[in-house]
file coords-v1.cif (mmCIF, C-alpha atoms)
data_target
loop_
_atom_site.group_PDB
_atom_site.id
_atom_site.type_symbol
_atom_site.label_atom_id
_atom_site.label_comp_id
_atom_site.auth_asym_id
_atom_site.auth_seq_id
_atom_site.Cartn_x
_atom_site.Cartn_y
_atom_site.Cartn_z
ATOM 1 C CA MET A 1 -26.119 -18.165 -29.207
ATOM 2 C CA LYS A 2 -28.017 -20.804 -27.241
ATOM 3 C CA GLN A 3 -26.409 -21.979 -23.979
ATOM 4 C CA PRO A 4 -26.008 -25.738 -23.512
ATOM 5 C CA VAL A 5 -28.608 -27.177 -21.145
ATOM 6 C CA PHE A 6 -25.935 -28.303 -18.711
ATOM 7 C CA ALA A 7 -23.432 -25.471 -19.124
ATOM 8 C CA GLY A 8 -20.787 -25.418 -16.411
ATOM 9 C CA PHE A 9 -20.494 -22.599 -13.941
ATOM 10 C CA SER A 10 -17.695 -20.878 -12.150
ATOM 11 C CA SER A 11 -17.459 -20.708 -8.409
ATOM 12 C CA PRO A 12 -17.974 -17.451 -6.567
ATOM 13 C CA ALA A 13 -14.646 -15.850 -5.683
ATOM 14 C CA ALA A 14 -14.562 -16.321 -1.921
ATOM 15 C CA GLY A 15 -11.633 -17.805 -0.098
ATOM 16 C CA PHE A 16 -11.051 -19.398 3.256
ATOM 17 C CA ASP A 17 -9.617 -16.132 4.541
ATOM 18 C CA GLN A 18 -13.272 -14.975 4.512
ATOM 19 C CA PRO A 19 -15.117 -17.935 6.079
ATOM 20 C CA PHE A 20 -18.607 -16.417 6.083
ATOM 21 C CA GLU A 21 -18.298 -15.300 2.481
ATOM 22 C CA MET A 22 -17.124 -18.826 1.686
ATOM 23 C CA LEU A 23 -20.125 -20.340 3.470
ATOM 24 C CA THR A 24 -22.453 -18.047 1.531
ATOM 25 C CA ALA A 25 -20.701 -18.960 -1.726
ATOM 26 C CA CYS A 26 -21.329 -22.608 -0.839
ATOM 27 C CA HIS A 27 -25.026 -21.796 -0.640
ATOM 28 C CA GLU A 28 -24.850 -20.414 -4.159
ATOM 29 C CA ARG A 29 -23.267 -23.678 -5.322
ATOM 30 C CA VAL A 30 -25.988 -25.687 -3.541
ATOM 31 C CA GLN A 31 -28.645 -23.661 -5.338
ATOM 32 C CA ARG A 32 -26.914 -24.094 -8.697
ATOM 33 C CA SER A 33 -26.568 -27.838 -8.120
ATOM 34 C CA LEU A 34 -30.264 -28.089 -7.273
ATOM 35 C CA GLY A 35 -31.079 -26.034 -10.362
ATOM 36 C CA LEU A 36 -28.972 -28.420 -12.422
ATOM 37 C CA LEU A 37 -30.905 -31.344 -10.976
ATOM 38 C CA GLY A 38 -34.135 -29.692 -12.117
ATOM 39 C CA ARG A 39 -32.724 -29.178 -15.612
ATOM 40 C CA ILE A 40 -31.685 -32.849 -15.705
ATOM 41 C CA VAL A 41 -35.287 -33.880 -15.045
ATOM 42 C CA GLU A 42 -36.527 -31.559 -17.801
ATOM 43 C CA HIS A 43 -33.893 -32.942 -20.174
ATOM 44 C CA ILE A 44 -34.807 -36.542 -19.386
ATOM 45 C CA ASP A 45 -38.496 -35.737 -19.904
ATOM 46 C CA THR A 46 -37.749 -34.255 -23.310
ATOM 47 C CA HIS A 47 -34.750 -36.214 -24.615
ATOM 48 C CA GLY A 48 -34.378 -39.216 -22.346
ATOM 49 C CA HIS A 49 -31.095 -40.182 -20.740
ATOM 50 C CA ASP A 50 -27.984 -39.423 -22.764
ATOM 51 C CA ALA A 51 -24.316 -38.576 -22.287
ATOM 52 C CA GLN A 52 -25.158 -34.990 -21.303
ATOM 53 C CA SER A 53 -27.650 -35.986 -18.635
ATOM 54 C CA ARG A 54 -25.345 -38.690 -17.286
ATOM 55 C CA SER A 55 -22.487 -36.216 -16.954
ATOM 56 C CA ALA A 56 -24.732 -33.679 -15.247
ATOM 57 C CA CYS A 57 -25.957 -36.394 -12.846
ATOM 58 C CA ALA A 58 -22.341 -37.116 -11.923
ATOM 59 C CA ASP A 59 -21.756 -33.404 -11.265
ATOM 60 C CA VAL A 60 -24.739 -33.136 -8.917
ATOM 61 C CA GLN A 61 -23.782 -36.336 -7.131
ATOM 62 C CA ARG A 62 -20.179 -35.189 -6.712
ATOM 63 C CA TYR A 63 -21.295 -31.882 -5.193
ATOM 64 C CA PHE A 64 -23.638 -33.405 -2.611
ATOM 65 C CA ASP A 65 -21.267 -36.298 -1.857
ATOM 66 C CA LEU A 66 -18.171 -34.153 -1.287
ATOM 67 C CA ALA A 67 -18.679 -30.420 -0.966
ATOM 68 C CA GLY A 68 -22.060 -30.479 0.749
ATOM 69 C CA PRO A 69 -20.844 -32.521 3.732
ATOM 70 C CA HIS A 70 -17.792 -30.244 4.106
ATOM 71 C CA HIS A 71 -20.097 -27.242 4.255
ATOM 72 C CA HIS A 72 -22.262 -28.835 6.937
ATOM 73 C CA GLU A 73 -19.164 -29.804 8.894
ATOM 74 C CA ASP A 74 -17.915 -26.208 8.750
ATOM 75 C CA GLU A 75 -21.154 -25.020 10.297
ATOM 76 C CA GLU A 76 -21.291 -27.839 12.857
ATOM 77 C CA LEU A 77 -17.728 -27.124 14.014
ATOM 78 C CA HIS A 78 -17.344 -23.354 13.706
ATOM 79 C CA VAL A 79 -20.745 -21.691 13.692
ATOM 80 C CA PHE A 80 -23.298 -23.699 15.645
ATOM 81 C CA PRO A 81 -21.277 -24.446 18.835
ATOM 82 C CA LEU A 82 -20.200 -20.813 19.081
ATOM 83 C CA LEU A 83 -23.802 -19.635 18.984
ATOM 84 C CA LEU A 84 -25.168 -22.298 21.312
ATOM 85 C CA ALA A 85 -22.495 -21.429 23.896
ATOM 86 C CA SER A 86 -23.328 -17.728 23.795
ATOM 87 C CA ASP A 87 -25.952 -16.103 25.984
ATOM 88 C CA ALA A 88 -25.522 -12.892 23.985
ATOM 89 C CA VAL A 89 -27.399 -14.109 20.903
ATOM 90 C CA GLY A 90 -30.779 -14.925 22.413
ATOM 91 C CA ALA A 91 -33.322 -17.705 22.265
ATOM 92 C CA GLN A 92 -34.302 -17.087 18.614
ATOM 93 C CA VAL A 93 -30.755 -17.833 17.455
ATOM 94 C CA HIS A 94 -30.474 -20.896 19.708
ATOM 95 C CA GLU A 95 -33.756 -22.243 18.305
ATOM 96 C CA ALA A 96 -32.591 -21.556 14.759
ATOM 97 C CA VAL A 97 -29.335 -23.438 15.337
ATOM 98 C CA ARG A 98 -31.135 -26.458 16.793
ATOM 99 C CA ARG A 99 -33.484 -26.483 13.793
ATOM 100 C CA LEU A 100 -30.539 -26.278 11.386
ATOM 101 C CA GLN A 101 -28.775 -29.161 13.132
ATOM 102 C CA LEU A 102 -31.865 -31.337 12.712
ATOM 103 C CA GLU A 103 -32.126 -30.264 9.089
ATOM 104 C CA HIS A 104 -28.513 -31.322 8.456
ATOM 105 C CA ASP A 105 -29.447 -34.809 9.642
ATOM 106 C CA ARG A 106 -32.562 -34.783 7.480
ATOM 107 C CA MET A 107 -30.617 -33.548 4.440
ATOM 108 C CA HIS A 108 -28.147 -36.390 4.844
ATOM 109 C CA ALA A 109 -30.981 -38.937 5.076
ATOM 110 C CA ASP A 110 -32.943 -37.377 2.195
ATOM 111 C CA TRP A 111 -29.821 -37.301 0.012
ATOM 112 C CA GLN A 112 -29.332 -41.081 0.100
ATOM 113 C CA PRO A 113 -32.316 -42.025 -2.137
ATOM 114 C CA LEU A 114 -31.530 -39.085 -4.444
ATOM 115 C CA ARG A 115 -27.947 -40.316 -4.699
ATOM 116 C CA GLN A 116 -29.184 -43.793 -5.655
ATOM 117 C CA MET A 117 -31.501 -42.209 -8.229
ATOM 118 C CA LEU A 118 -28.613 -40.275 -9.797
ATOM 119 C CA GLN A 119 -26.504 -43.429 -9.901
ATOM 120 C CA ARG A 120 -29.318 -45.264 -11.700
ATOM 121 C CA TRP A 121 -29.664 -42.386 -14.137
ATOM 122 C CA GLN A 122 -25.971 -42.700 -14.947
ATOM 123 C CA GLY A 123 -26.415 -46.405 -15.801
ATOM 124 C CA ASP A 124 -26.874 -48.056 -19.169
ATOM 125 C CA ASP A 125 -30.655 -48.421 -19.150
ATOM 126 C CA PRO A 126 -32.245 -45.931 -16.748
ATOM 127 C CA ALA A 127 -36.001 -45.509 -16.526
ATOM 128 C CA PRO A 128 -37.935 -42.230 -16.908
ATOM 129 C CA VAL A 129 -38.306 -39.946 -13.895
ATOM 130 C CA THR A 130 -41.044 -41.201 -11.578
ATOM 131 C CA ALA A 131 -43.570 -39.137 -9.637
ATOM 132 C CA GLU A 132 -41.913 -40.270 -6.394
ATOM 133 C CA GLU A 133 -38.509 -39.059 -7.622
ATOM 134 C CA ARG A 134 -39.994 -35.699 -8.588
ATOM 135 C CA THR A 135 -41.513 -35.404 -5.106
ATOM 136 C CA ARG A 136 -38.183 -36.261 -3.452
ATOM 137 C CA ILE A 137 -36.337 -33.693 -5.559
ATOM 138 C CA ALA A 138 -38.897 -30.974 -4.797
ATOM 139 C CA ALA A 139 -38.770 -31.727 -1.063
ATOM 140 C CA PHE A 140 -34.948 -31.665 -1.025
ATOM 141 C CA ASP A 141 -34.944 -28.368 -2.905
ATOM 142 C CA ALA A 142 -37.505 -26.835 -0.523
ATOM 143 C CA LEU A 143 -35.619 -28.062 2.543
ATOM 144 C CA TYR A 144 -32.431 -26.409 1.328
ATOM 145 C CA ALA A 145 -34.230 -23.174 0.402
ATOM 146 C CA GLY A 146 -35.608 -22.690 3.909
ATOM 147 C CA HIS A 147 -32.357 -23.826 5.493
ATOM 148 C CA ILE A 148 -30.225 -21.381 3.529
ATOM 149 C CA ALA A 149 -32.621 -18.507 4.203
ATOM 150 C CA LEU A 150 -32.465 -19.120 7.965
ATOM 151 C CA GLU A 151 -28.692 -19.382 7.992
ATOM 152 C CA GLU A 152 -28.167 -16.225 5.990
ATOM 153 C CA SER A 153 -30.800 -14.101 7.747
ATOM 154 C CA VAL A 154 -30.353 -15.181 11.380
ATOM 155 C CA VAL A 155 -27.449 -17.507 12.089
ATOM 156 C CA TYR A 156 -24.565 -16.137 10.033
ATOM 157 C CA PRO A 157 -25.101 -12.495 11.114
ATOM 158 C CA ALA A 158 -25.155 -13.567 14.776
ATOM 159 C CA ALA A 159 -22.047 -15.708 14.355
ATOM 160 C CA GLN A 160 -20.185 -12.961 12.494
ATOM 161 C CA ARG A 161 -20.590 -10.678 15.493
ATOM 162 C CA LEU A 162 -18.955 -13.311 17.717
ATOM 163 C CA LEU A 163 -16.337 -14.904 15.454
ATOM 164 C CA GLN A 164 -13.699 -12.334 14.573
ATOM 165 C CA GLY A 165 -9.969 -11.738 14.434
ATOM 166 C CA ASP A 166 -7.676 -14.687 15.113
ATOM 167 C CA ALA A 167 -10.584 -17.052 15.836
ATOM 168 C CA LEU A 168 -12.113 -16.251 12.436
ATOM 169 C CA ALA A 169 -8.772 -16.789 10.709
ATOM 170 C CA ALA A 170 -8.298 -20.103 12.530
ATOM 171 C CA ALA A 171 -11.760 -21.258 11.459
ATOM 172 C CA GLY A 172 -10.925 -20.443 7.839
ATOM 173 C CA GLU A 173 -7.654 -22.365 8.051
ATOM 174 C CA GLU A 174 -9.399 -25.403 9.521
ATOM 175 C CA MET A 175 -11.984 -25.260 6.721
ATOM 176 C CA ARG A 176 -9.171 -25.170 4.159
ATOM 177 C CA ALA A 177 -7.274 -28.039 5.824
ATOM 178 C CA ARG A 178 -10.318 -30.334 5.816
ATOM 179 C CA ARG A 179 -10.682 -29.879 2.075
ATOM 180 C CA GLN A 180 -7.064 -30.660 1.343
ATOM 181 C CA GLY A 181 -7.591 -34.306 2.269
ATOM 182 C CA PRO A 182 -8.054 -37.049 -0.327
ATOM 183 C CA ALA A 183 -11.761 -36.292 -0.916
ATOM 184 C CA GLY A 184 -11.316 -32.563 -1.634
ATOM 185 C CA GLY A 185 -14.261 -30.411 -2.661
ATOM 186 C CA LYS A 186 -14.865 -26.728 -1.938
ATOM 187 C CA GLY A 187 -18.139 -26.535 -0.094
#

call {"tool": "encode", "arguments": {"input": "coords-v1.cif", "output": "structure tokens"}}
result
Amino acid sequence: MKQPVFAGFSSPAAGFDQPFEMLTACHERVQRSLGLLGRIVEHIDTHGHDAQSRSACADVQRYFDLAGPHHHEDEELHVFPLLLASDAVGAQVHEAVRRLQLEHDRMHADWQPLRQMLQRWQGDDPAPVTAEERTRIAAFDALYAGHIALEESVVYPAAQRLLQGDALAAAGEEMRARRQGPAGGKG
């Protein structure tokens, strides 16, 4: 049986009692959301804009408007300061954290035109995908790919060695509490 182009997906089973597993699960959701964005472009190229593509656009926008910022905030509050304050992790980790902080700013800036694009695509008479939009999407995807790889290979392992016990549990509870506000969104 053929899967729908924009089939939904379930979230990885990681909870806030395991903050690093939750952060990694967020990366999986980022990658799936970016994959969905790519499938939207393919769908528009083949079928034009329709109810399916509009709904998928709303899903991608919702993820990067709500969950993505929560994920970055988790890292900015619980992972990055811990590593920057530690002499035990070394210069490579400090450099990685500073790069990731700059990339968070860039991701936020790069998201704004993509968000506007998705809003247009959800409208009544959207235009085909432009070369500039394709370039923006590819750059956003590549930025996230490198970012995630650095976090998972260097930064998270270093932070996991430092953040344990009660401090780890407290970080998980703070992550949970931030998401229980009016905006919600897992991460």

call {"tool": "residues_around", "arguments": {"input": "coords-v1.cif", "residues": "range 96-109 of chain A", "least_positions_apart": "6", "cutoff": "12 Å", "atoms": "only C-alpha atoms", "output": "MDAnalysis selection string"}}
result
chainID A and resid 64:66 68:77 79:86 89:90 115:116 136:137 139:156 158:159

call {"tool": "resolve_selection", "arguments": {"input": "coords-v1.cif", "expression": "the PyMOL selection byres ((chain A and resi 58) around 10)", "output": "list of chain:residue names"}}
result
A:Ser53, A:Arg54, A:Ser55, A:Ala56, A:Cys57, A:Asp59, A:Val60, A:Gln61, A:Arg62, A:Tyr63, A:Arg115, A:Leu118, A:Gln119, A:Trp121, A:Gln122

call {"tool": "resolve_selection", "arguments": {"input": "coords-v1.cif", "expression": "the PyMOL selection byres ((chain A and resi 23) around 9)", "output": "PyMOL selection string"}}
result
chain A and resi 14+18-22+24-28+71+74-75+156+187

call {"tool": "atom_distance", "arguments": {"input": "coords-v1.cif", "atom1": "CA of Pro128 in chain A", "atom2": "CA of Ile40 in chain A"}}
result
11.3 Å

call {"tool": "atom_distance", "arguments": {"input": "coords-v1.cif", "atom1": "CA of Gly15 in chain A", "atom2": "CA of Arg176 in chain A"}}
result
8.9 Å

call {"tool": "closest_residue", "arguments": {"input": "coords-v1.cif", "among": "A:Gln112, A:Val129, A:Leu168, A:Glu174", "to": "His43 in chain A", "atoms": "only C-alpha atoms"}}
result
A:Val129

call {"tool": "atom_distance", "arguments": {"input": "coords-v1.cif", "atom1": "CA of Gly172 in chain A", "atom2": "CA of Asp17 in chain A"}}
result
5.6 Å

call {"tool": "axis_aligned_box", "arguments": {"input": "coords-v1.cif", "around": "range 55-69 of chain A", "padding_each_side": "3 Å", "output": "AutoDock Vina command-line options"}}
result
--center_x -22.1 --center_y -33.8 --center_z -6.6 --size_x 13.8 --size_y 12.7 --size_z 26.7

call {"tool": "closest_residue", "arguments": {"input": "coords-v1.cif", "among": "A:His78, A:Asp110, A:Leu37, A:Gly123", "to": "Gln164 in chain A", "atoms": "all atoms listed in the file"}}
result
A:His78
